[in-house]
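Heads up, target_20.cif below (mmCIF, C-alpha atoms):
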```
data_run
#
loop_
_atom_site.label_atom_id
_atom_site.label_comp_id
_atom_site.auth_asym_id
_atom_site.auth_seq_id
_atom_site.Cartn_x
_atom_site.Cartn_y
_atom_site.Cartn_z
CA MET A 291 -105.92 60.73 83.37
CA LEU A 292 -102.29 61.66 82.84
CA ARG A 293 -99.93 58.72 82.54
CA ILE A 294 -96.56 59.65 84.04
CA GLY A 295 -93.52 57.54 83.19
CA VAL A 296 -90.55 57.85 85.53
CA ASP A 297 -86.98 56.70 84.93
CA PHE A 298 -86.39 55.08 88.32
CA HIS A 299 -83.03 53.47 87.54
CA ALA A 300 -81.39 55.47 90.37
CA PHE A 301 -83.34 53.27 92.79
CA ASP A 302 -81.03 50.42 91.78
CA GLY A 303 -78.03 52.36 93.17
CA LYS A 304 -76.93 53.00 96.76
CA PHE A 305 -76.47 56.13 98.87
CA GLN A 306 -77.30 58.46 95.98
CA GLY A 307 -79.12 61.69 96.62
CA SER A 308 -81.20 61.16 93.50
CA ARG A 309 -82.35 57.78 94.86
CA SER A 310 -83.62 59.33 98.09
CA HIS A 311 -85.15 62.16 96.05
CA LEU A 312 -87.08 59.80 93.79
CA ILE A 313 -88.41 57.65 96.62
CA GLY A 314 -89.49 60.56 98.80
CA LEU A 315 -90.96 62.68 96.02
CA TYR A 316 -92.90 59.92 94.29
CA ARG A 317 -94.17 58.37 97.51
CA ALA A 318 -95.80 61.76 98.10
CA MET A 319 -96.87 62.08 94.45
CA VAL A 320 -98.75 58.79 94.21
CA ALA A 321 -100.65 59.67 97.40
CA LEU A 322 -101.42 63.21 96.24
CA CYS A 323 -102.44 62.26 92.68
CA PRO A 324 -104.92 59.34 92.59
CA ASP A 325 -106.08 60.84 89.27
CA PHE A 326 -102.63 60.20 87.70
CA GLU A 327 -101.26 56.84 86.62
CA PHE A 328 -97.57 56.28 87.42
CA VAL A 329 -95.34 53.87 85.51
CA PHE A 330 -91.91 53.38 87.10
CA PHE A 331 -89.11 51.94 84.95
CA LEU A 332 -86.36 50.12 86.88
CA GLU A 333 -84.62 46.80 87.40
CA GLN A 334 -85.46 46.07 91.07
CA VAL A 335 -89.21 45.98 90.54
CA ASP A 336 -90.07 43.81 93.56
CA ALA A 337 -87.95 45.94 95.92
CA LEU A 338 -89.79 49.10 94.91
CA ARG A 339 -93.20 47.44 95.17
CA ALA A 340 -92.31 46.38 98.72
CA LEU A 341 -91.72 49.97 99.87
CA PRO A 342 -94.58 51.63 101.77
CA GLY A 343 -96.62 53.86 99.49
CA PHE A 344 -95.73 52.16 96.21
CA ASP A 345 -98.46 49.52 96.34
CA ARG A 346 -101.30 51.86 95.37
CA PRO A 347 -103.66 51.07 92.47
CA ASN A 348 -102.34 54.01 90.41
CA VAL A 349 -98.78 52.56 90.37
CA ARG A 350 -97.21 50.14 87.89
CA CYS A 351 -93.60 49.00 88.09
CA VAL A 352 -92.07 47.95 84.76
CA TYR A 353 -88.84 46.00 84.44
CA MET A 354 -85.98 47.92 82.78
CA PRO A 355 -82.68 46.02 82.98
CA HIS A 356 -79.63 47.92 84.14
CA ALA A 357 -77.68 49.34 81.20
CA ASN A 358 -75.13 52.01 80.47
CA PRO A 359 -76.57 55.52 80.09
CA LEU A 360 -76.31 55.54 76.29
CA VAL A 361 -78.41 52.38 75.96
CA ARG A 362 -80.94 53.64 78.49
CA LEU A 363 -81.33 57.08 76.89
CA ALA A 364 -81.12 56.08 73.23
CA TRP A 365 -83.11 52.86 73.29
CA GLN A 366 -84.71 51.63 76.53
CA LEU A 367 -86.63 54.75 77.56
CA PRO A 368 -87.86 55.71 74.05
CA VAL A 369 -89.13 52.16 73.50
CA LEU A 370 -90.80 51.93 76.93
CA ARG A 371 -92.36 55.37 76.51
CA LYS A 372 -94.01 54.31 73.25
CA ARG A 373 -95.00 50.84 74.46
CA HIS A 374 -96.73 52.16 77.59
CA ARG A 375 -98.22 55.29 75.92
CA ILE A 376 -96.61 57.70 78.35
CA ASP A 377 -97.92 61.28 78.37
CA ILE A 378 -95.04 62.76 80.38
CA LEU A 379 -91.65 61.09 80.91
CA HIS A 380 -89.73 62.31 83.96
CA THR A 381 -85.98 61.66 83.98
CA GLN A 382 -83.08 62.75 86.18
CA TYR A 383 -80.40 65.01 84.68
CA ILE A 384 -80.76 63.97 81.01
CA VAL A 385 -83.70 63.61 78.62
CA PRO A 386 -83.79 60.70 76.11
CA LEU A 387 -81.71 61.18 73.00
CA TRP A 388 -84.61 60.80 70.56
CA SER A 389 -86.86 63.85 70.65
CA ALA A 390 -90.47 63.54 71.78
CA ARG A 391 -92.97 65.81 73.47
CA GLY A 392 -93.67 65.55 77.18
CA ASN A 393 -90.16 65.50 78.65
CA ALA A 394 -89.68 66.57 82.26
CA VAL A 395 -86.14 66.59 83.63
CA THR A 396 -84.79 67.23 87.12
CA ILE A 397 -81.23 68.55 86.91
CA HIS A 398 -80.03 68.26 90.50
CA ASP A 399 -76.85 70.22 89.89
CA ILE A 400 -74.37 71.33 87.24
CA LEU A 401 -71.34 71.43 89.53
CA PHE A 402 -69.06 70.27 86.71
CA GLU A 403 -69.57 73.63 84.96
CA LYS A 404 -67.78 75.69 87.62
CA HIS A 405 -65.91 72.93 89.45
CA PRO A 406 -64.57 70.65 86.67
CA GLU A 407 -61.59 69.72 88.85
CA PHE A 408 -63.83 67.42 90.88
CA PHE A 409 -64.81 65.23 87.92
CA THR A 410 -63.15 63.17 85.23
CA PRO A 411 -62.49 65.00 81.94
CA PHE A 412 -64.80 62.62 80.08
CA PHE A 413 -67.64 63.22 82.55
CA VAL A 414 -67.25 67.00 82.17
CA TRP A 415 -67.17 66.82 78.35
CA ARG A 416 -70.17 64.49 78.15
CA SER A 417 -72.22 66.32 80.77
CA ARG A 418 -71.68 69.78 79.30
CA TRP A 419 -73.24 68.63 76.05
CA LEU A 420 -76.01 66.42 77.44
CA PHE A 421 -77.14 68.67 80.30
CA ARG A 422 -77.26 71.79 78.12
CA ARG A 423 -79.23 69.88 75.49
CA SER A 424 -81.60 68.52 78.15
CA ALA A 425 -82.25 71.94 79.70
CA ARG A 426 -83.13 73.38 76.30
CA LYS A 427 -85.07 70.41 74.87
CA ALA A 428 -87.18 69.50 77.90
CA ASP A 429 -90.73 70.79 78.15
CA MET A 430 -90.37 71.00 81.94
CA VAL A 431 -87.11 71.70 83.79
CA LEU A 432 -86.84 71.19 87.55
CA THR A 433 -84.12 71.32 90.19
CA VAL A 434 -83.68 70.88 93.94
CA SER A 435 -82.27 74.16 95.31
CA GLU A 436 -82.29 77.87 94.64
CA TYR A 437 -78.53 77.64 94.11
CA SER A 438 -78.89 75.06 91.34
CA ARG A 439 -81.80 77.00 89.87
CA ARG A 440 -79.66 80.14 89.51
CA GLU A 441 -76.72 78.19 88.10
CA ILE A 442 -78.83 76.40 85.48
CA ALA A 443 -80.48 79.64 84.41
CA GLN A 444 -77.14 81.44 84.12
CA CYS A 445 -75.16 78.69 82.39
CA TYR A 446 -77.86 77.49 79.99
CA GLY A 447 -79.69 80.71 79.26
CA LEU A 448 -83.07 79.75 80.72
CA PRO A 449 -85.41 82.18 82.48
CA VAL A 450 -85.31 81.42 86.21
CA GLN A 451 -89.11 81.28 86.36
CA ARG A 452 -89.12 78.43 83.83
CA ILE A 453 -87.23 76.18 86.27
CA GLY A 454 -89.44 74.48 88.85
CA LEU A 455 -88.15 74.01 92.41
CA LEU A 456 -88.50 70.61 94.09
CA LEU A 457 -86.65 71.03 97.38
CA ASN A 458 -85.31 67.81 98.84
CA ALA A 459 -86.67 66.57 102.16
CA VAL A 460 -86.27 63.61 104.51
CA ASP A 461 -88.34 60.63 105.56
CA HIS A 462 -89.03 61.39 109.22
CA THR A 463 -89.97 57.77 109.89
CA VAL A 464 -86.33 56.91 109.13
CA PHE A 465 -84.43 60.02 110.24
CA HIS A 466 -85.53 61.04 113.73
CA PRO A 467 -84.00 61.56 117.19
CA ALA A 468 -83.08 58.50 119.24
CA GLN A 469 -86.16 56.89 120.78
CA VAL A 470 -84.97 53.45 121.88
CA ASP A 471 -81.77 51.82 123.09
CA GLU A 472 -79.73 50.94 120.00
CA SER A 473 -76.45 50.35 121.79
CA ALA A 474 -76.20 46.83 120.37
CA VAL A 475 -76.08 48.21 116.82
CA LEU A 476 -73.38 50.70 117.82
CA ALA A 477 -71.43 48.06 119.71
CA ARG A 478 -70.92 46.10 116.50
CA ARG A 479 -68.86 49.10 115.34
CA GLN A 480 -67.29 49.55 118.80
CA LEU A 481 -69.08 52.89 119.24
CA LYS A 482 -71.06 54.49 122.06
CA ALA A 483 -73.99 56.88 121.69
CA THR A 484 -73.11 60.61 121.52
CA GLU A 485 -69.40 59.84 121.76
CA TYR A 486 -68.28 60.08 118.12
CA LEU A 487 -68.11 62.57 115.26
CA LEU A 488 -69.66 61.48 111.96
CA THR A 489 -69.48 62.35 108.28
CA VAL A 490 -71.25 60.64 105.38
CA GLY A 491 -70.43 60.81 101.67
CA ARG A 492 -68.43 59.26 98.88
CA ILE A 493 -64.69 59.60 99.43
CA GLU A 494 -63.73 61.91 96.58
CA PRO A 495 -62.06 65.35 96.32
CA ARG A 496 -65.34 67.31 96.23
CA LYS A 497 -66.36 66.04 99.67
CA ASP A 498 -63.05 67.33 101.10
CA HIS A 499 -62.38 64.64 103.66
CA ALA A 500 -58.74 65.79 103.60
CA THR A 501 -59.65 69.10 105.27
CA LEU A 502 -61.73 67.23 107.83
CA LEU A 503 -58.86 64.90 108.71
CA LYS A 504 -56.45 67.82 109.11
CA ALA A 505 -58.96 69.66 111.30
CA TYR A 506 -59.51 66.53 113.37
CA ALA A 507 -55.76 66.19 113.92
CA LEU A 508 -55.74 69.67 115.50
CA LEU A 509 -58.19 68.51 118.19
CA GLY A 510 -55.35 66.55 119.78
CA ARG A 511 -55.54 63.81 122.38
CA GLY A 512 -58.93 63.05 123.84
CA ALA A 513 -60.85 63.89 120.66
CA PRO A 514 -63.94 61.74 120.08
CA PRO A 515 -63.60 59.03 117.42
CA LEU A 516 -64.21 60.25 113.87
CA VAL A 517 -66.42 57.91 111.84
CA ILE A 518 -66.33 58.29 108.04
CA VAL A 519 -69.12 56.48 106.19
CA GLY A 520 -68.56 56.25 102.45
CA GLN A 521 -66.98 54.33 99.62
CA ARG A 522 -63.77 55.38 97.91
CA ASP A 523 -64.41 57.00 94.55
CA PHE A 524 -62.59 59.00 91.87
CA GLY A 525 -59.49 60.84 93.10
CA TYR A 526 -59.33 59.67 96.71
CA GLY A 527 -55.53 60.03 96.90
CA ALA A 528 -55.64 63.24 98.97
CA PHE A 529 -57.81 61.45 101.51
CA GLU A 530 -55.31 58.59 101.84
CA GLU A 531 -52.45 61.06 102.29
CA ALA A 532 -54.28 62.97 105.02
CA LEU A 533 -55.23 59.69 106.70
CA ALA A 534 -51.61 58.51 106.70
CA ALA A 535 -50.44 61.86 108.13
CA LEU A 536 -52.63 61.67 111.25
CA PRO A 537 -50.78 61.64 114.58
CA PRO A 538 -50.27 58.22 116.17
CA GLY A 539 -53.27 57.15 118.21
CA SER A 540 -55.84 59.09 116.16
CA ASP A 541 -59.16 57.24 116.25
CA VAL A 542 -60.52 57.47 112.70
CA ARG A 543 -62.76 54.71 111.37
CA VAL A 544 -63.68 54.36 107.69
CA LEU A 545 -66.86 52.33 107.14
CA CYS A 546 -67.56 51.29 103.55
CA ASP A 547 -70.27 48.69 104.18
CA VAL A 548 -73.07 50.58 105.97
CA GLY A 549 -76.65 49.84 104.92
CA ASP A 550 -79.59 52.24 105.00
CA GLN A 551 -80.94 51.13 108.39
CA GLU A 552 -77.56 51.18 110.12
CA LEU A 553 -76.80 54.60 108.63
CA ALA A 554 -79.91 56.05 110.26
CA VAL A 555 -78.80 54.61 113.62
CA LEU A 556 -75.28 55.99 113.27
CA LEU A 557 -76.70 59.42 112.41
CA ARG A 558 -79.06 59.83 115.33
CA HIS A 559 -76.51 58.72 117.92
CA ALA A 560 -73.61 60.90 116.71
CA LYS A 561 -72.30 63.67 118.93
CA VAL A 562 -71.70 65.96 115.94
CA PHE A 563 -72.31 65.59 112.20
CA VAL A 564 -69.77 67.33 109.97
CA TYR A 565 -70.00 67.95 106.23
CA PRO A 566 -66.97 69.77 104.76
CA SER A 567 -68.02 69.48 101.10
CA LEU A 568 -66.63 71.99 98.61
CA ALA A 569 -69.61 71.89 96.25
CA GLU A 570 -73.19 70.59 96.53
CA GLY A 571 -76.34 70.98 94.47
CA PHE A 572 -78.29 70.51 97.70
CA GLY A 573 -76.69 68.44 100.48
CA MET A 574 -78.96 65.70 101.82
CA PRO A 575 -76.76 64.37 104.67
CA PRO A 576 -76.85 67.60 106.76
CA LEU A 577 -80.64 67.70 106.43
CA GLU A 578 -80.89 64.06 107.49
CA ALA A 579 -78.63 64.78 110.47
CA MET A 580 -80.74 67.76 111.58
CA ALA A 581 -83.89 65.64 111.34
CA SER A 582 -82.10 63.03 113.47
CA GLY A 583 -81.50 65.51 116.30
CA VAL A 584 -77.75 65.91 115.79
CA PRO A 585 -75.83 69.23 115.74
CA VAL A 586 -74.38 69.99 112.31
CA VAL A 587 -71.20 71.63 111.02
CA THR A 588 -70.98 72.42 107.29
CA SER A 589 -68.95 74.53 104.92
CA THR A 590 -70.53 77.67 103.45
CA SER A 591 -70.12 76.33 99.93
CA THR A 592 -72.74 76.46 97.15
CA ALA A 593 -76.19 75.23 98.32
CA LEU A 594 -75.26 74.21 101.87
CA PRO A 595 -76.18 77.52 103.60
CA GLU A 596 -79.59 77.26 101.95
CA VAL A 597 -80.11 73.85 103.57
CA VAL A 598 -78.71 74.51 107.04
CA GLY A 599 -79.67 78.17 107.53
CA ASP A 600 -78.82 79.28 111.08
CA ALA A 601 -79.32 75.78 112.49
CA GLY A 602 -75.67 74.73 112.29
CA LEU A 603 -72.12 75.99 112.66
CA THR A 604 -70.46 76.92 109.37
CA PHE A 605 -66.91 77.56 108.18
CA PRO A 606 -65.27 78.75 104.93
CA PRO A 607 -64.65 75.85 102.51
CA GLY A 608 -61.22 74.30 102.98
CA ASP A 609 -60.42 76.27 106.16
CA VAL A 610 -58.79 73.69 108.42
CA ALA A 611 -58.43 75.94 111.48
CA ALA A 612 -62.02 77.22 111.32
CA LEU A 613 -63.42 73.70 110.98
CA SER A 614 -61.31 72.50 113.89
CA GLU A 615 -62.63 75.36 116.04
CA CYS A 616 -66.22 74.39 115.20
CA LEU A 617 -65.57 70.76 116.12
CA ALA A 618 -63.83 71.73 119.36
CA ALA A 619 -66.65 74.08 120.37
CA LEU A 620 -69.34 71.47 119.81
CA SER A 621 -67.32 68.70 121.44
CA ARG A 622 -66.98 70.58 124.73
CA ASP A 623 -70.15 72.72 124.90
CA ALA A 624 -73.29 70.73 125.70
CA SER A 625 -75.51 73.83 125.76
CA LEU A 626 -74.38 74.80 122.24
CA ARG A 627 -75.11 71.28 121.02
CA ALA A 628 -78.58 71.40 122.57
CA LYS A 629 -79.32 74.77 120.97
CA LEU A 630 -78.30 73.53 117.52
CA VAL A 631 -80.27 70.31 117.94
CA ALA A 632 -83.44 72.31 118.63
CA ARG A 633 -82.80 74.62 115.69
CA GLY A 634 -81.98 71.71 113.41
CA LEU A 635 -85.17 69.82 114.22
CA GLU A 636 -87.21 72.93 113.47
CA ARG A 637 -85.24 73.61 110.29
CA ALA A 638 -85.79 70.08 109.00
CA LYS A 639 -89.56 70.57 109.23
CA ALA A 640 -89.32 73.28 106.55
CA PHE A 641 -88.44 70.66 103.93
CA SER A 642 -91.38 68.52 102.86
CA TRP A 643 -91.83 65.94 100.09
CA GLN A 644 -95.49 66.92 100.05
CA ASP A 645 -94.54 70.48 99.06
CA GLY A 646 -92.40 69.15 96.23
CA ALA A 647 -95.21 66.85 95.10
CA ARG A 648 -97.61 69.80 94.92
CA VAL A 649 -95.15 71.70 92.72
CA LEU A 650 -94.65 68.69 90.46
CA ARG A 651 -98.39 68.02 90.17
CA ALA A 652 -99.00 71.65 89.17
CA THR A 653 -96.17 71.44 86.62
CA PHE A 654 -97.60 68.30 85.02
CA LEU A 655 -101.17 69.64 84.99
CA ASN A 656 -100.09 72.92 83.44
CA TYR A 657 -98.24 71.07 80.69
CA GLY A 658 -101.25 68.80 80.13
CA LYS A 659 -103.60 71.78 79.73
CA THR A 660 -101.39 73.81 77.41
CA SER A 661 -99.59 71.22 75.29
CA MET A 662 -101.66 68.05 75.01
#
```
I need this file expressed as structure tokens, please.
Amino acid sequence: MLRIGVDFHAFDGKFQGSRSHLIGLYRAMVALCPDFEFVFFLEQVDALRALPGFDRPNVRCVYMPHANPLVRLAWQLPVLRKRHRIDILHTQYIVPLWSARGNAVTIHDILFEKHPEFFTPFFVWRSRWLFRRSARKADMVLTVSEYSRREIAQCYGLPVQRIGLLLNAVDHTVFHPAQVDESAVLARRQLKATEYLLTVGRIEPRKDHATLLKAYALLGRGAPPLVIVGQRDFGYGAFEEALAALPPGSDVRVLCDVGDQELAVLLRHAKVFVYPSLAEGFGMPPLEAMASGVPVVTSTSTALPEVVGDAGLTFPPGDVAALSECLAALSRDASLRAKLVARGLERAKAFSWQDGARVLRATFLNYGKTSM
């Protein structure tokens, strides 16, 4: 029986794509692999145990206190790996600093390589060294999109076929079309179903909220409210400037305190979901919106066309006029919205955690047969 250790510290965070990825992928993995033993290392042990699917007999949750990345990678994970006799240790982005056999790493993206302007100089410097080292030292390298797969291969000199593909997916028990009256939840935010535009993501330059606000301003009087869900992060000055420049009477609401359950409600009752990001390794929010039965508008940047396909309206990154035209078309055309909703629901079905789990199981088994 293979014993798989998983660095689950991302579970302790909030609204991170890697958190959703870990939960969805490993919920499918523990169901698919009763012949594997899974040891999850994290701080919020009881919270993970309480999630459906993580109470199986082949699962152990081990306490790992929150620490800075250096402590986690140089000390905590190497010690826990040895103590619990882990055969394969699966981490996100970076492998532990002390070499050992049986490292699997999922590098979700390397956006800092071609878009360093969206990150702090220290993050770029640190990541360029650690990610390159991880890609070359790991026994198994995985990623979440064909775009990221090509970028990792090109930048770090790996054969494309050596990089496994674990496409992200959504939990359809959480993200689904509206089924019941949830007007009371919306009323707490002074919103009405299908009468607002929505975007979700950290407020930072890469997400390009500034272009969205400028495009929204072009819609003029009578535009639906624009709801922005996200917390302010590095370099949000351009967002504040665009917000201050909006015409008087513009109805823009910034919500920084939205929990997981409320987010799902806000998604499925939106009139339009818009995602103007300039760079993504995958792009979970548009997929969650499509699964929720909401028409989607995204930029054509990086991995986003791979996620949305022909199920949404798209525009060139940073093009204010083109984005405004997309928003105007969807705001006034009910038949177009209905067509994109149908396409989006079908598109979302193409992304399955079970498919990713099958890829990961095969990767682990192949390593076990050839290297252990």
Please identify every residue of range 543-581 of chain A that has at least one atom no farther than 12 Å from an atom of range 455-468 of chain A, counting only C-alpha atoms, and for each give the shortest atom pair and the distance in Å to one decimal, arranged by chain then increasing number, as CSV.
```
residue,atom,partner,partner_atom,distance
A:Asp550,CA,A:Val464,CA,9.2
A:Gln551,CA,A:Val464,CA,7.9
A:Glu552,CA,A:Val464,CA,10.5
A:Leu553,CA,A:Phe465,CA,9.5
A:Ala554,CA,A:Phe465,CA,6.0
A:Val555,CA,A:Ala468,CA,8.1
A:Leu556,CA,A:Ala468,CA,10.1
A:Leu557,CA,A:Phe465,CA,8.1
A:Arg558,CA,A:Pro467,CA,5.6
A:His559,CA,A:Ala468,CA,6.7
A:Ala560,CA,A:Ala468,CA,10.1
A:Lys561,CA,A:Ala468,CA,12.0
A:Gly571,CA,A:Asn458,CA,10.5
A:Phe572,CA,A:Asn458,CA,7.6
A:Gly573,CA,A:Asn458,CA,8.8
A:Met574,CA,A:Asn458,CA,7.3
A:Pro575,CA,A:Val460,CA,9.5
A:Pro576,CA,A:Val460,CA,10.5
A:Leu577,CA,A:Val460,CA,7.2
A:Glu578,CA,A:Phe465,CA,6.0
A:Ala579,CA,A:Phe465,CA,7.5
A:Met580,CA,A:His466,CA,8.5
A:Ala581,CA,A:His466,CA,5.4
```
Would you write out those residues with C-alpha atoms, as a compact mmCIF listing (two decimals), in the coordinates of the input?
```txt
# COMPACT_ATOMS: atom_id res chain seq x y z
CA ASP A 550 -79.59 52.24 105.00
CA GLN A 551 -80.94 51.13 108.39
CA GLU A 552 -77.56 51.18 110.12
CA LEU A 553 -76.80 54.60 108.63
CA ALA A 554 -79.91 56.05 110.26
CA VAL A 555 -78.80 54.61 113.62
CA LEU A 556 -75.28 55.99 113.27
CA LEU A 557 -76.70 59.42 112.41
CA ARG A 558 -79.06 59.83 115.33
CA HIS A 559 -76.51 58.72 117.92
CA ALA A 560 -73.61 60.90 116.71
CA LYS A 561 -72.30 63.67 118.93
CA GLY A 571 -76.34 70.98 94.47
CA PHE A 572 -78.29 70.51 97.70
CA GLY A 573 -76.69 68.44 100.48
CA MET A 574 -78.96 65.70 101.82
CA PRO A 575 -76.76 64.37 104.67
CA PRO A 576 -76.85 67.60 106.76
CA LEU A 577 -80.64 67.70 106.43
CA GLU A 578 -80.89 64.06 107.49
CA ALA A 579 -78.63 64.78 110.47
CA MET A 580 -80.74 67.76 111.58
CA ALA A 581 -83.89 65.64 111.34
```
Output the residue selection produced by the PyMOL selection byres ((chain A and resi 485) around 10) on the file above, formatted as a compact mmCIF listing (two decimals) with C-alpha atoms, in the frame of the given file.
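For reference, expr12.txt as written:
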```txt
# COMPACT_ATOMS: atom_id res chain seq x y z
CA LEU A 481 -69.08 52.89 119.24
CA LYS A 482 -71.06 54.49 122.06
CA ALA A 483 -73.99 56.88 121.69
CA THR A 484 -73.11 60.61 121.52
CA TYR A 486 -68.28 60.08 118.12
CA LEU A 487 -68.11 62.57 115.26
CA LEU A 488 -69.66 61.48 111.96
CA ALA A 513 -60.85 63.89 120.66
CA PRO A 514 -63.94 61.74 120.08
CA PRO A 515 -63.60 59.03 117.42
CA LEU A 516 -64.21 60.25 113.87
CA HIS A 559 -76.51 58.72 117.92
CA ALA A 560 -73.61 60.90 116.71
CA LYS A 561 -72.30 63.67 118.93
CA VAL A 562 -71.70 65.96 115.94
CA SER A 621 -67.32 68.70 121.44
```
Exercise for the section: Can you work out the spacing between CA of Ile384 in chain A and CA of Leu312 in chain A in Å, to one decimal? Expected result: 14.9 Å
Problem - Distance in Å - CA of Lys629 in chain A versus CA of Ser540 in chain A - result: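 Atom-to-atom, CA of Lys629 in chain A to CA of Ser540 in chain A, that is 28.6 Å.
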Problem - Top pick for closest residue to Leu626 in chain A, considering A:Val352, A:Val597, A:Leu603, A:Leu292 and counting only C-alpha atoms - result: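 Using only C-alpha atoms, Leu626 in chain A sits closest to A:Leu603.
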